[in-house]
$ cat target06.cif   # mmCIF, C-alpha atoms
data_structure
#
loop_
_atom_site.group_PDB
_atom_site.id
_atom_site.type_symbol
_atom_site.label_atom_id
_atom_site.label_comp_id
_atom_site.auth_asym_id
_atom_site.auth_seq_id
_atom_site.Cartn_x
_atom_site.Cartn_y
_atom_site.Cartn_z
ATOM 1 C CA SER A 1 38.869 -153.834 -8.015
ATOM 2 C CA LYS A 2 35.969 -152.089 -9.695
ATOM 3 C CA ASN A 3 32.344 -153.169 -9.448
ATOM 4 C CA TYR A 4 30.139 -153.588 -12.513
ATOM 5 C CA TRP A 5 28.842 -150.018 -12.486
ATOM 6 C CA ASP A 6 32.338 -148.547 -12.233
ATOM 7 C CA PHE A 7 33.365 -150.775 -15.115
ATOM 8 C CA GLU A 8 30.389 -149.684 -17.233
ATOM 9 C CA GLU A 9 31.211 -146.038 -16.574
ATOM 10 C CA MET A 10 34.837 -146.665 -17.574
ATOM 11 C CA ILE A 11 33.934 -147.906 -21.060
ATOM 12 C CA THR A 12 31.033 -145.578 -21.915
ATOM 13 C CA MET A 13 30.619 -141.845 -22.421
ATOM 14 C CA THR A 14 27.757 -140.559 -20.317
ATOM 15 C CA GLY A 15 25.756 -137.337 -20.297
ATOM 16 C CA THR A 16 27.577 -134.466 -21.956
ATOM 17 C CA GLU A 17 31.050 -135.982 -21.520
ATOM 18 C CA LYS A 18 33.440 -135.102 -24.365
ATOM 19 C CA ASN A 19 36.937 -135.994 -25.484
ATOM 20 C CA ARG A 20 39.332 -133.249 -26.517
ATOM 21 C CA ASN A 21 40.360 -135.216 -29.607
ATOM 22 C CA LEU A 22 40.462 -138.684 -31.164
ATOM 23 C CA ASP A 23 43.710 -139.607 -29.425
ATOM 24 C CA GLU A 24 42.028 -139.120 -26.064
ATOM 25 C CA MET A 25 39.131 -141.295 -27.207
ATOM 26 C CA HIS A 26 41.474 -144.108 -28.188
ATOM 27 C CA LYS A 27 43.416 -143.986 -24.928
ATOM 28 C CA ARG A 28 40.376 -143.728 -22.657
ATOM 29 C CA PHE A 29 37.953 -146.132 -24.297
ATOM 30 C CA TYR A 30 39.143 -148.154 -27.280
ATOM 31 C CA HIS A 31 42.137 -149.538 -25.376
ATOM 32 C CA TRP A 32 39.898 -151.155 -22.757
ATOM 33 C CA THR A 33 37.267 -152.507 -25.125
ATOM 34 C CA GLU A 34 39.974 -154.032 -27.317
ATOM 35 C CA LEU A 35 41.551 -155.764 -24.305
ATOM 36 C CA ILE A 36 38.172 -157.101 -23.192
ATOM 37 C CA GLN A 37 37.655 -158.664 -26.628
ATOM 38 C CA SER A 38 41.204 -160.062 -26.919
ATOM 39 C CA SER A 39 40.455 -163.773 -27.138
ATOM 40 C CA PRO A 40 38.597 -165.943 -29.666
ATOM 41 C CA GLU A 41 35.892 -166.645 -27.084
ATOM 42 C CA ALA A 42 35.351 -162.958 -26.330
ATOM 43 C CA VAL A 43 35.317 -161.948 -29.998
ATOM 44 C CA GLU A 44 32.803 -164.656 -30.873
ATOM 45 C CA GLU A 45 30.469 -163.630 -28.055
ATOM 46 C CA SER A 46 30.861 -159.926 -28.866
ATOM 47 C CA VAL A 47 29.886 -160.361 -32.518
ATOM 48 C CA LYS A 48 26.959 -162.616 -31.681
ATOM 49 C CA SER A 49 25.601 -160.325 -28.965
ATOM 50 C CA VAL A 50 25.980 -157.138 -31.032
ATOM 51 C CA ILE A 51 24.025 -158.569 -33.963
ATOM 52 C CA GLY A 52 21.351 -160.107 -31.739
ATOM 53 C CA GLY A 53 21.054 -156.995 -29.603
ATOM 54 C CA GLY A 54 20.862 -154.758 -32.651
ATOM 55 C CA TYR A 55 17.911 -156.723 -33.957
ATOM 56 C CA ARG A 56 16.072 -157.144 -30.650
ATOM 57 C CA LYS A 57 16.496 -153.552 -29.456
ATOM 58 C CA ASN A 58 16.414 -151.609 -32.721
ATOM 59 C CA ASN A 59 15.036 -153.982 -35.355
ATOM 60 C CA LEU A 60 18.283 -153.723 -37.359
ATOM 61 C CA VAL A 61 17.944 -156.169 -40.222
ATOM 62 C CA LEU A 62 21.160 -155.089 -41.966
ATOM 63 C CA GLN A 63 24.319 -154.815 -39.874
ATOM 64 C CA GLU A 64 27.954 -154.236 -40.788
ATOM 65 C CA LEU A 65 30.437 -154.725 -37.963
ATOM 66 C CA ARG A 66 34.033 -153.612 -38.219
ATOM 67 C CA PHE A 67 37.066 -154.309 -36.071
ATOM 68 C CA ASN A 68 40.846 -154.603 -36.182
ATOM 69 C CA PRO A 69 41.913 -158.192 -35.411
ATOM 70 C CA MET A 70 45.477 -157.154 -34.521
ATOM 71 C CA PHE A 71 44.180 -155.088 -31.608
ATOM 72 C CA ARG A 72 42.467 -158.198 -30.247
ATOM 73 C CA ASN A 73 45.277 -160.770 -30.288
ATOM 74 C CA ARG A 74 47.349 -159.291 -27.431
ATOM 75 C CA GLY A 75 50.268 -158.306 -29.603
ATOM 76 C CA GLY A 76 50.617 -161.717 -31.219
ATOM 77 C CA GLU A 77 49.855 -163.836 -28.162
ATOM 78 C CA ARG A 78 46.677 -165.048 -29.852
ATOM 79 C CA ASP A 79 46.628 -166.418 -33.390
ATOM 80 C CA LEU A 80 45.206 -163.844 -35.804
ATOM 81 C CA ASP A 81 43.312 -166.452 -37.817
ATOM 82 C CA HIS A 82 41.664 -167.736 -34.642
ATOM 83 C CA ILE A 83 40.460 -164.220 -33.803
ATOM 84 C CA ILE A 84 38.987 -163.707 -37.276
ATOM 85 C CA MET A 85 37.456 -167.179 -37.407
ATOM 86 C CA ALA A 86 35.884 -166.612 -33.985
ATOM 87 C CA ALA A 87 34.272 -163.423 -35.293
ATOM 88 C CA ILE A 88 32.903 -165.391 -38.257
ATOM 89 C CA TRP A 89 31.555 -168.096 -35.923
ATOM 90 C CA GLY A 90 29.820 -165.415 -33.854
ATOM 91 C CA LEU A 91 28.373 -163.981 -37.060
ATOM 92 C CA ASP A 92 27.141 -167.384 -38.235
ATOM 93 C CA LYS A 93 25.537 -168.184 -34.881
ATOM 94 C CA ALA A 94 23.747 -164.835 -34.804
ATOM 95 C CA LEU A 95 22.416 -165.276 -38.342
ATOM 96 C CA LEU A 96 21.153 -168.756 -37.496
ATOM 97 C CA GLU A 97 19.377 -167.386 -34.443
ATOM 98 C CA TYR A 98 18.023 -164.336 -36.287
ATOM 99 C CA PRO A 99 17.279 -165.372 -39.891
ATOM 100 C CA GLN A 100 15.631 -161.988 -40.514
ATOM 101 C CA VAL A 101 19.048 -160.319 -40.280
ATOM 102 C CA LYS A 102 21.795 -159.901 -42.871
ATOM 103 C CA ALA A 103 25.246 -159.051 -41.509
ATOM 104 C CA GLY A 104 28.913 -158.960 -42.430
ATOM 105 C CA ILE A 105 32.302 -157.992 -41.028
ATOM 106 C CA ILE A 106 34.718 -155.319 -42.252
ATOM 107 C CA LEU A 107 38.340 -155.789 -41.183
ATOM 108 C CA MET A 108 40.161 -152.604 -40.279
ATOM 109 C CA MET A 109 43.728 -151.549 -40.833
ATOM 110 C CA ASP A 110 45.098 -148.789 -38.612
ATOM 111 C CA ARG A 111 47.293 -145.721 -38.990
ATOM 112 C CA THR A 112 49.301 -146.713 -35.909
ATOM 113 C CA LEU A 113 50.310 -150.082 -37.393
ATOM 114 C CA THR A 114 53.161 -150.713 -39.808
ATOM 115 C CA HIS A 115 52.565 -151.186 -43.512
ATOM 116 C CA ARG A 116 53.440 -154.874 -43.116
ATOM 117 C CA GLN A 117 50.883 -155.347 -40.343
ATOM 118 C CA ASN A 118 48.187 -153.655 -42.415
ATOM 119 C CA GLU A 119 49.143 -155.780 -45.405
ATOM 120 C CA ILE A 120 48.578 -158.911 -43.308
ATOM 121 C CA ILE A 121 45.091 -157.680 -42.374
ATOM 122 C CA VAL A 122 44.223 -157.213 -46.057
ATOM 123 C CA LYS A 123 45.541 -160.701 -46.864
ATOM 124 C CA LYS A 124 43.357 -162.143 -44.110
ATOM 125 C CA ALA A 125 40.313 -160.219 -45.368
ATOM 126 C CA ILE A 126 40.860 -161.690 -48.832
ATOM 127 C CA LYS A 127 41.366 -165.167 -47.350
ATOM 128 C CA TYR A 128 38.051 -165.052 -45.502
ATOM 129 C CA HIS A 129 36.091 -163.163 -48.136
ATOM 130 C CA GLY A 130 32.949 -165.151 -48.835
ATOM 131 C CA GLU A 131 32.862 -166.495 -45.279
ATOM 132 C CA GLY A 132 31.514 -163.344 -43.677
ATOM 133 C CA ILE A 133 34.276 -160.811 -44.321
ATOM 134 C CA ILE A 134 32.825 -158.243 -46.708
ATOM 135 C CA GLY A 135 35.187 -155.268 -46.756
ATOM 136 C CA ILE A 136 38.327 -153.453 -45.660
ATOM 137 C CA ASP A 137 38.817 -150.111 -43.919
ATOM 138 C CA VAL A 138 41.548 -148.076 -42.241
ATOM 139 C CA GLY A 139 41.032 -146.121 -39.043
ATOM 140 C CA GLY A 140 42.927 -144.648 -36.151
ATOM 141 C CA PRO A 141 44.175 -141.159 -35.302
ATOM 142 C CA GLU A 142 46.420 -139.329 -37.745
ATOM 143 C CA ARG A 143 50.117 -140.243 -37.639
ATOM 144 C CA LYS A 144 53.060 -138.761 -39.538
ATOM 145 C CA THR A 145 54.385 -142.302 -39.988
ATOM 146 C CA PHE A 146 51.285 -143.334 -41.967
ATOM 147 C CA SER A 147 51.060 -142.798 -45.722
ATOM 148 C CA MET A 148 47.760 -143.274 -47.516
ATOM 149 C CA ARG A 149 49.644 -143.287 -50.815
ATOM 150 C CA GLU A 150 51.744 -146.268 -49.686
ATOM 151 C CA HIS A 151 48.578 -148.120 -48.690
ATOM 152 C CA ALA A 152 46.730 -147.446 -51.959
ATOM 153 C CA PRO A 153 47.977 -150.729 -53.547
ATOM 154 C CA LEU A 154 46.508 -152.670 -50.606
ATOM 155 C CA PHE A 155 43.077 -151.192 -51.274
ATOM 156 C CA ALA A 156 43.472 -152.012 -54.972
ATOM 157 C CA GLU A 157 44.311 -155.612 -54.073
ATOM 158 C CA ALA A 158 41.275 -155.859 -51.796
ATOM 159 C CA ARG A 159 39.003 -154.372 -54.462
ATOM 160 C CA LYS A 160 40.305 -156.828 -57.065
ATOM 161 C CA ALA A 161 39.408 -159.673 -54.682
ATOM 162 C CA GLY A 162 35.824 -158.399 -54.486
ATOM 163 C CA LEU A 163 35.936 -156.737 -51.078
ATOM 164 C CA GLY A 164 34.112 -153.490 -50.382
ATOM 165 C CA ILE A 165 36.291 -150.444 -49.706
ATOM 166 C CA THR A 166 35.524 -147.835 -47.067
ATOM 167 C CA ILE A 167 38.123 -145.488 -45.587
ATOM 168 C CA HIS A 168 38.086 -143.418 -42.410
ATOM 169 C CA THR A 169 39.349 -140.058 -43.635
ATOM 170 C CA GLY A 170 38.356 -136.421 -43.450
ATOM 171 C CA GLU A 171 37.247 -136.813 -39.850
ATOM 172 C CA ILE A 172 39.895 -134.359 -38.670
ATOM 173 C CA GLY A 173 42.966 -132.648 -40.068
ATOM 174 C CA THR A 174 43.624 -131.170 -43.477
ATOM 175 C CA LEU A 175 41.928 -131.841 -46.782
ATOM 176 C CA GLN A 176 45.055 -133.375 -48.317
ATOM 177 C CA GLU A 177 44.396 -137.000 -47.368
ATOM 178 C CA ILE A 178 40.698 -137.097 -48.233
ATOM 179 C CA ARG A 179 41.412 -135.434 -51.590
ATOM 180 C CA PHE A 180 43.920 -138.190 -52.376
ATOM 181 C CA VAL A 181 41.470 -140.880 -51.256
ATOM 182 C CA VAL A 182 38.665 -139.515 -53.441
ATOM 183 C CA LYS A 183 40.777 -138.908 -56.544
ATOM 184 C CA GLU A 184 43.150 -141.892 -56.430
ATOM 185 C CA ILE A 185 41.690 -144.722 -54.330
ATOM 186 C CA LYS A 186 38.021 -144.067 -55.162
ATOM 187 C CA PRO A 187 36.389 -146.086 -52.349
ATOM 188 C CA GLN A 188 32.688 -146.852 -52.387
ATOM 189 C CA ARG A 189 32.359 -145.166 -48.999
ATOM 190 C CA ILE A 190 34.195 -142.816 -46.659
ATOM 191 C CA GLY A 191 33.954 -142.956 -42.871
ATOM 192 C CA HIS A 192 33.009 -139.489 -41.589
ATOM 193 C CA GLY A 193 34.524 -137.230 -44.283
ATOM 194 C CA VAL A 194 33.084 -134.119 -42.639
ATOM 195 C CA VAL A 195 36.052 -131.891 -43.553
ATOM 196 C CA ALA A 196 34.987 -132.273 -47.196
ATOM 197 C CA ALA A 197 32.309 -129.677 -46.422
ATOM 198 C CA GLN A 198 35.109 -127.074 -46.513
ATOM 199 C CA ASP A 199 35.841 -127.702 -50.203
ATOM 200 C CA PRO A 200 33.085 -127.291 -52.836
ATOM 201 C CA GLU A 201 35.238 -128.852 -55.566
ATOM 202 C CA LEU A 202 35.926 -131.903 -53.423
ATOM 203 C CA MET A 203 32.223 -132.326 -52.674
ATOM 204 C CA LYS A 204 31.516 -132.165 -56.409
ATOM 205 C CA GLU A 205 34.120 -134.893 -56.951
ATOM 206 C CA ILE A 206 32.583 -137.064 -54.219
ATOM 207 C CA THR A 207 29.165 -136.666 -55.838
ATOM 208 C CA LYS A 208 30.559 -137.374 -59.308
ATOM 209 C CA LYS A 209 32.255 -140.580 -58.131
ATOM 210 C CA LYS A 210 29.115 -141.613 -56.203
ATOM 211 C CA ILE A 211 31.044 -142.051 -52.959
ATOM 212 C CA MET A 212 28.863 -142.419 -49.873
ATOM 213 C CA LEU A 213 29.832 -140.638 -46.643
ATOM 214 C CA GLU A 214 29.197 -142.358 -43.307
ATOM 215 C CA ILE A 215 28.140 -139.527 -40.983
ATOM 216 C CA CYS A 216 28.275 -140.164 -37.202
ATOM 217 C CA PRO A 217 26.682 -137.180 -35.388
ATOM 218 C CA THR A 218 27.088 -138.233 -31.746
ATOM 219 C CA SER A 219 30.606 -139.559 -32.263
ATOM 220 C CA ASN A 220 31.742 -136.385 -34.017
ATOM 221 C CA LEU A 221 30.311 -134.164 -31.285
ATOM 222 C CA ARG A 222 31.617 -136.293 -28.396
ATOM 223 C CA ASN A 223 35.129 -136.428 -29.867
ATOM 224 C CA SER A 224 35.281 -132.682 -30.621
ATOM 225 C CA VAL A 225 35.548 -133.398 -34.351
ATOM 226 C CA VAL A 226 32.572 -131.057 -34.725
ATOM 227 C CA LYS A 227 32.441 -128.193 -32.211
ATOM 228 C CA ASN A 228 28.684 -127.999 -31.722
ATOM 229 C CA ILE A 229 25.265 -128.570 -33.258
ATOM 230 C CA THR A 230 25.492 -125.344 -35.264
ATOM 231 C CA GLU A 231 28.679 -126.507 -36.973
ATOM 232 C CA LEU A 232 27.160 -129.931 -37.624
ATOM 233 C CA LYS A 233 24.168 -128.205 -39.218
ATOM 234 C CA HIS A 234 26.456 -126.201 -41.529
ATOM 235 C CA ILE A 235 28.320 -129.371 -42.549
ATOM 236 C CA ILE A 236 25.159 -131.325 -43.361
ATOM 237 C CA ARG A 237 23.671 -128.390 -45.276
ATOM 238 C CA ALA A 238 26.855 -128.075 -47.351
ATOM 239 C CA LEU A 239 26.734 -131.781 -48.205
ATOM 240 C CA LYS A 240 23.073 -131.537 -49.199
ATOM 241 C CA ARG A 241 23.720 -128.430 -51.275
ATOM 242 C CA HIS A 242 26.342 -130.300 -53.311
ATOM 243 C CA LYS A 243 24.191 -133.446 -53.526
ATOM 244 C CA VAL A 244 26.669 -135.560 -51.553
ATOM 245 C CA ARG A 245 24.989 -138.784 -50.448
ATOM 246 C CA PHE A 246 25.481 -139.863 -46.841
ATOM 247 C CA THR A 247 24.229 -142.371 -44.291
ATOM 248 C CA ILE A 248 23.490 -141.930 -40.590
ATOM 249 C CA ASN A 249 25.627 -144.083 -38.297
ATOM 250 C CA THR A 250 26.300 -144.753 -34.605
ATOM 251 C CA ASP A 251 30.093 -145.421 -34.755
ATOM 252 C CA GLY A 252 29.961 -147.198 -31.369
ATOM 253 C CA PRO A 253 26.439 -147.487 -29.952
ATOM 254 C CA GLU A 254 27.302 -148.976 -26.551
ATOM 255 C CA MET A 255 30.309 -146.703 -26.032
ATOM 256 C CA TYR A 256 28.403 -143.526 -26.923
ATOM 257 C CA GLU A 257 25.132 -144.731 -25.375
ATOM 258 C CA THR A 258 23.287 -144.240 -28.633
ATOM 259 C CA ASN A 259 21.509 -146.176 -31.369
ATOM 260 C CA ILE A 260 20.376 -145.476 -34.906
ATOM 261 C CA TYR A 261 16.961 -144.228 -33.755
ATOM 262 C CA LYS A 262 18.536 -141.763 -31.318
ATOM 263 C CA GLU A 263 20.808 -140.473 -34.078
ATOM 264 C CA GLN A 264 17.847 -139.964 -36.397
ATOM 265 C CA GLU A 265 15.743 -138.315 -33.699
ATOM 266 C CA PHE A 266 18.624 -135.994 -32.816
ATOM 267 C CA LEU A 267 18.954 -134.810 -36.414
ATOM 268 C CA ILE A 268 15.202 -134.259 -36.779
ATOM 269 C CA LYS A 269 14.794 -132.560 -33.382
ATOM 270 C CA ASN A 270 17.570 -130.082 -34.143
ATOM 271 C CA ARG A 271 16.184 -129.454 -37.637
ATOM 272 C CA ILE A 272 19.326 -130.687 -39.309
ATOM 273 C CA LEU A 273 17.378 -133.184 -41.414
ATOM 274 C CA SER A 274 13.680 -133.657 -42.071
ATOM 275 C CA PRO A 275 11.969 -137.036 -41.523
ATOM 276 C CA LYS A 276 11.867 -137.428 -45.308
ATOM 277 C CA GLU A 277 15.622 -136.808 -45.570
ATOM 278 C CA VAL A 278 16.322 -139.285 -42.768
ATOM 279 C CA ALA A 279 14.309 -141.910 -44.660
ATOM 280 C CA GLN A 280 16.371 -141.145 -47.773
ATOM 281 C CA CYS A 281 19.598 -141.709 -45.809
ATOM 282 C CA THR A 282 18.273 -145.113 -44.747
ATOM 283 C CA ARG A 283 17.546 -146.049 -48.353
ATOM 284 C CA TRP A 284 21.052 -144.959 -49.310
ATOM 285 C CA ALA A 285 22.446 -147.182 -46.550
ATOM 286 C CA PHE A 286 20.720 -150.219 -48.032
ATOM 287 C CA GLU A 287 22.054 -149.293 -51.466
ATOM 288 C CA ALA A 288 25.634 -148.796 -50.234
ATOM 289 C CA THR A 289 26.002 -151.925 -48.117
ATOM 290 C CA PHE A 290 28.760 -154.434 -48.875
ATOM 291 C CA ILE A 291 26.451 -157.253 -47.806
ATOM 292 C CA LYS A 292 25.284 -159.239 -50.813
#

$ encode --input "target06.cif" --output "structure tokens"
Amino acid sequence: SKNYWDFEEMITMTGTEKNRNLDEMHKRFYHWTELIQSSPEAVEESVKSVIGGGYRKNNLVLQELRFNPMFRNRGGERDLDHIIMAAIWGLDKALLEYPQVKAGIILMMDRTLTHRQNEIIVKKAIKYHGEGIIGIDVGGPERKTFSMREHAPLFAEARKAGLGITIHTGEIGTLQEIRFVVKEIKPQRIGHGVVAAQDPELMKEITKKKIMLEICPTSNLRNSVVKNITELKHIIRALKRHKVRFTINTDGPEMYETNIYKEQEFLIKNRILSPKEVAQCTRWAFEATFIK
């Protein structure tokens, strides 16, 4: 059996540790954290502690949490509604304890799930919209079995119900998927989207449609999405040059041993953004939130 410190090391990336790709990240870290949270009690406590900790440690007064409920019900052993309701209870308890904070939950679909499973997640998001669920997303490593085109109607259904739409795309791979997302699905936000920096016309389209990118510097570097600081600098400069709006995000603060202040300091220290530009990104984040 492992002691606490071995356990902590198992679920966090320390020092200069890097993954070769997103698949390695999912196998090494996400699998364990999802198992740890796979009960209503664990989900409730996780949501409550994340919101409370975010406020106490970093003065975060606006927090969006996102998770995939199907990865936390042990393959159907736990009732999906109970998992989602537990997350909402954790949210409610945190907001009662910290009235200064506004928070909401985004439910995630995943590229490794079937279309039917993802459809169920959207139905649940719609069911609990207004009770703390504020949006829908899709994440996970690229899979040949996943079709963004086939999932487009699910996003349309969620949008019609009043949910916010953000999509993890353009983190890795070709430009094909992110181009489709921008032109056809038209989400309010895109998770990562860094490959868009390769295509001036796509960046113009993102700017025209007022889509916000969610940039995660530490995550992208640790997962080898971006090779190094120099490449990250080129990406950010390209986005700025084409007037693409973006926010600064942590992706997984405990896992990557980071927080929003560290992300901001990193960008300023490496002269990727100025303090004024960092402040602008924060204002954009408040404008782009799904929290009403």

$ closest_residue --input "target06.cif" --among "A:Arg78, A:Arg72, A:His234, A:Lys186" --to "A:Ile165" --atoms "only C-alpha atoms"
A:Lys186

$ closest_atom_pairs --input "target06.cif" --of "stretch 143-185 of chain A" --to "stretch 189-200 of chain A" --cutoff "6 Å" --atoms "all atoms listed in the file" --output "JSON lines"
{"residue": "A:Thr166", "atom": "CA", "partner": "A:Arg189", "partner_atom": "CA", "distance": 4.6}
{"residue": "A:Ile167", "atom": "CA", "partner": "A:Ile190", "partner_atom": "CA", "distance": 4.9}
{"residue": "A:His168", "atom": "CA", "partner": "A:Gly191", "partner_atom": "CA", "distance": 4.2}
{"residue": "A:Thr169", "atom": "CA", "partner": "A:Gly193", "partner_atom": "CA", "distance": 5.6}
{"residue": "A:Gly170", "atom": "CA", "partner": "A:Gly193", "partner_atom": "CA", "distance": 4.0}
{"residue": "A:Glu171", "atom": "CA", "partner": "A:Gly193", "partner_atom": "CA", "distance": 5.2}

$ closest_atom_pairs --input "target06.cif" --of "stretch 57-86 of chain A" --to "stretch 137-155 of chain A" --cutoff "12 Å" --atoms "all atoms listed in the file" --output "Markdown table"
| residue | atom | partner | partner_atom | distance |
| --- | --- | --- | --- | --- |
| A:Leu65 | CA | A:Asp137 | CA | 11.3 |
| A:Arg66 | CA | A:Asp137 | CA | 8.2 |
| A:Phe67 | CA | A:Asp137 | CA | 9.1 |
| A:Asn68 | CA | A:Val138 | CA | 8.9 |
| A:Phe71 | CA | A:Gly140 | CA | 11.5 |

$ resolve_selection --input "target06.cif" --expression "the PyMOL selection byres ((chain A and resi 128-133) around 12)" --output "PDB file with C-alpha atoms, in the coordinates of the input"
ATOM      1  CA  VAL A  47      29.886-160.361 -32.518  1.00  0.00           C
ATOM      2  CA  GLN A  63      24.319-154.815 -39.874  1.00  0.00           C
ATOM      3  CA  GLU A  64      27.954-154.236 -40.788  1.00  0.00           C
ATOM      4  CA  LEU A  65      30.437-154.725 -37.963  1.00  0.00           C
ATOM      5  CA  ARG A  66      34.033-153.612 -38.219  1.00  0.00           C
ATOM      6  CA  PHE A  67      37.066-154.309 -36.071  1.00  0.00           C
ATOM      7  CA  ASP A  81      43.312-166.452 -37.817  1.00  0.00           C
ATOM      8  CA  HIS A  82      41.664-167.736 -34.642  1.00  0.00           C
ATOM      9  CA  ILE A  83      40.460-164.220 -33.803  1.00  0.00           C
ATOM     10  CA  ILE A  84      38.987-163.707 -37.276  1.00  0.00           C
ATOM     11  CA  MET A  85      37.456-167.179 -37.407  1.00  0.00           C
ATOM     12  CA  ALA A  86      35.884-166.612 -33.985  1.00  0.00           C
ATOM     13  CA  ALA A  87      34.272-163.423 -35.293  1.00  0.00           C
ATOM     14  CA  ILE A  88      32.903-165.391 -38.257  1.00  0.00           C
ATOM     15  CA  TRP A  89      31.555-168.096 -35.923  1.00  0.00           C
ATOM     16  CA  GLY A  90      29.820-165.415 -33.854  1.00  0.00           C
ATOM     17  CA  LEU A  91      28.373-163.981 -37.060  1.00  0.00           C
ATOM     18  CA  ASP A  92      27.141-167.384 -38.235  1.00  0.00           C
ATOM     19  CA  LYS A  93      25.537-168.184 -34.881  1.00  0.00           C
ATOM     20  CA  ALA A  94      23.747-164.835 -34.804  1.00  0.00           C
ATOM     21  CA  LEU A  95      22.416-165.276 -38.342  1.00  0.00           C
ATOM     22  CA  LYS A 102      21.795-159.901 -42.871  1.00  0.00           C
ATOM     23  CA  ALA A 103      25.246-159.051 -41.509  1.00  0.00           C
ATOM     24  CA  GLY A 104      28.913-158.960 -42.430  1.00  0.00           C
ATOM     25  CA  ILE A 105      32.302-157.992 -41.028  1.00  0.00           C
ATOM     26  CA  ILE A 106      34.718-155.319 -42.252  1.00  0.00           C
ATOM     27  CA  LEU A 107      38.340-155.789 -41.183  1.00  0.00           C
ATOM     28  CA  MET A 108      40.161-152.604 -40.279  1.00  0.00           C
ATOM     29  CA  ILE A 121      45.091-157.680 -42.374  1.00  0.00           C
ATOM     30  CA  VAL A 122      44.223-157.213 -46.057  1.00  0.00           C
ATOM     31  CA  LYS A 123      45.541-160.701 -46.864  1.00  0.00           C
ATOM     32  CA  LYS A 124      43.357-162.143 -44.110  1.00  0.00           C
ATOM     33  CA  ALA A 125      40.313-160.219 -45.368  1.00  0.00           C
ATOM     34  CA  ILE A 126      40.860-161.690 -48.832  1.00  0.00           C
ATOM     35  CA  LYS A 127      41.366-165.167 -47.350  1.00  0.00           C
ATOM     36  CA  ILE A 134      32.825-158.243 -46.708  1.00  0.00           C
ATOM     37  CA  GLY A 135      35.187-155.268 -46.756  1.00  0.00           C
ATOM     38  CA  ILE A 136      38.327-153.453 -45.660  1.00  0.00           C
ATOM     39  CA  ASP A 137      38.817-150.111 -43.919  1.00  0.00           C
ATOM     40  CA  ALA A 158      41.275-155.859 -51.796  1.00  0.00           C
ATOM     41  CA  ARG A 159      39.003-154.372 -54.462  1.00  0.00           C
ATOM     42  CA  LYS A 160      40.305-156.828 -57.065  1.00  0.00           C
ATOM     43  CA  ALA A 161      39.408-159.673 -54.682  1.00  0.00           C
ATOM     44  CA  GLY A 162      35.824-158.399 -54.486  1.00  0.00           C
ATOM     45  CA  LEU A 163      35.936-156.737 -51.078  1.00  0.00           C
ATOM     46  CA  GLY A 164      34.112-153.490 -50.382  1.00  0.00           C
ATOM     47  CA  ILE A 165      36.291-150.444 -49.706  1.00  0.00           C
ATOM     48  CA  PHE A 290      28.760-154.434 -48.875  1.00  0.00           C
ATOM     49  CA  ILE A 291      26.451-157.253 -47.806  1.00  0.00           C
ATOM     50  CA  LYS A 292      25.284-159.239 -50.813  1.00  0.00           C
TER      51      LYS A 292
END

$ resolve_selection --input "target06.cif" --expression "the PyMOL selection byres ((chain A and resi 251) around 8)" --output "list in words"
Cys216, Ser219, Asn249, Thr250, Gly252 and Pro253 of chain A

$ axis_aligned_box --input "target06.cif" --around "stretch 215-226 of chain A" --padding-each-side "5 Å" --output "lines of an AutoDock Vina configuration file"
center_x = 31.1
center_y = -135.6
center_z = -34.7
size_x = 18.9
size_y = 19.1
size_z = 22.6

$ residues_near_point --input "target06.cif" --point "(14.6, -138.2, -39.0)" --cutoff "8 Å" --atoms "only C-alpha atoms" --output "list in words"
Gln264, Glu265, Phe266, Leu267, Ile268, Lys269, Leu273, Ser274, Pro275, Lys276, Glu277, Val278 and Ala279 of chain A

$ atom_distance --input "target06.cif" --atom1 "atom CA of A:Asn3" --atom2 "atom CA of A:Glu257"
19.4 Å

$ residues_around --input "target06.cif" --residues "A:Tyr55" --least-positions-apart "2" --cutoff "12 Å" --atoms "only C-alpha atoms" --output "compact mmCIF listing (two decimals) with C-alpha atoms, keeping the file's coordinate frame"
# COMPACT_ATOMS: atom_id res chain seq x y z
CA LYS A 48 26.96 -162.62 -31.68
CA SER A 49 25.60 -160.32 -28.96
CA VAL A 50 25.98 -157.14 -31.03
CA ILE A 51 24.02 -158.57 -33.96
CA GLY A 52 21.35 -160.11 -31.74
CA GLY A 53 21.05 -157.00 -29.60
CA LYS A 57 16.50 -153.55 -29.46
CA ASN A 58 16.41 -151.61 -32.72
CA ASN A 59 15.04 -153.98 -35.35
CA LEU A 60 18.28 -153.72 -37.36
CA VAL A 61 17.94 -156.17 -40.22
CA LEU A 62 21.16 -155.09 -41.97
CA GLN A 63 24.32 -154.82 -39.87
CA ALA A 94 23.75 -164.84 -34.80
CA LEU A 95 22.42 -165.28 -38.34
CA GLU A 97 19.38 -167.39 -34.44
CA TYR A 98 18.02 -164.34 -36.29
CA PRO A 99 17.28 -165.37 -39.89
CA GLN A 100 15.63 -161.99 -40.51
CA VAL A 101 19.05 -160.32 -40.28
CA LYS A 102 21.80 -159.90 -42.87
CA ALA A 103 25.25 -159.05 -41.51
CA ASN A 259 21.51 -146.18 -31.37
CA ILE A 260 20.38 -145.48 -34.91

$ atom_distance --input "target06.cif" --atom1 "atom CA of A:Phe246" --atom2 "atom CA of A:Thr112"
27.1 Å

$ atom_distance --input "target06.cif" --atom1 "atom CA of A:Thr247" --atom2 "atom CA of A:Lys209"
16.1 Å

$ residues_around --input "target06.cif" --residues "A:Leu80" --least-positions-apart "5" --cutoff "8 Å" --atoms "only C-alpha atoms" --output "ChimeraX atom specification"
/A:69-70,73

$ write_last_selection --input "target06.cif" --atoms "C-alpha atoms" --output "PDB file, in the frame of the given file"
ATOM      1  CA  PRO A  69      41.913-158.192 -35.411  1.00  0.00           C
ATOM      2  CA  MET A  70      45.477-157.154 -34.521  1.00  0.00           C
ATOM      3  CA  ASN A  73      45.277-160.770 -30.288  1.00  0.00           C
TER       4      ASN A  73
END
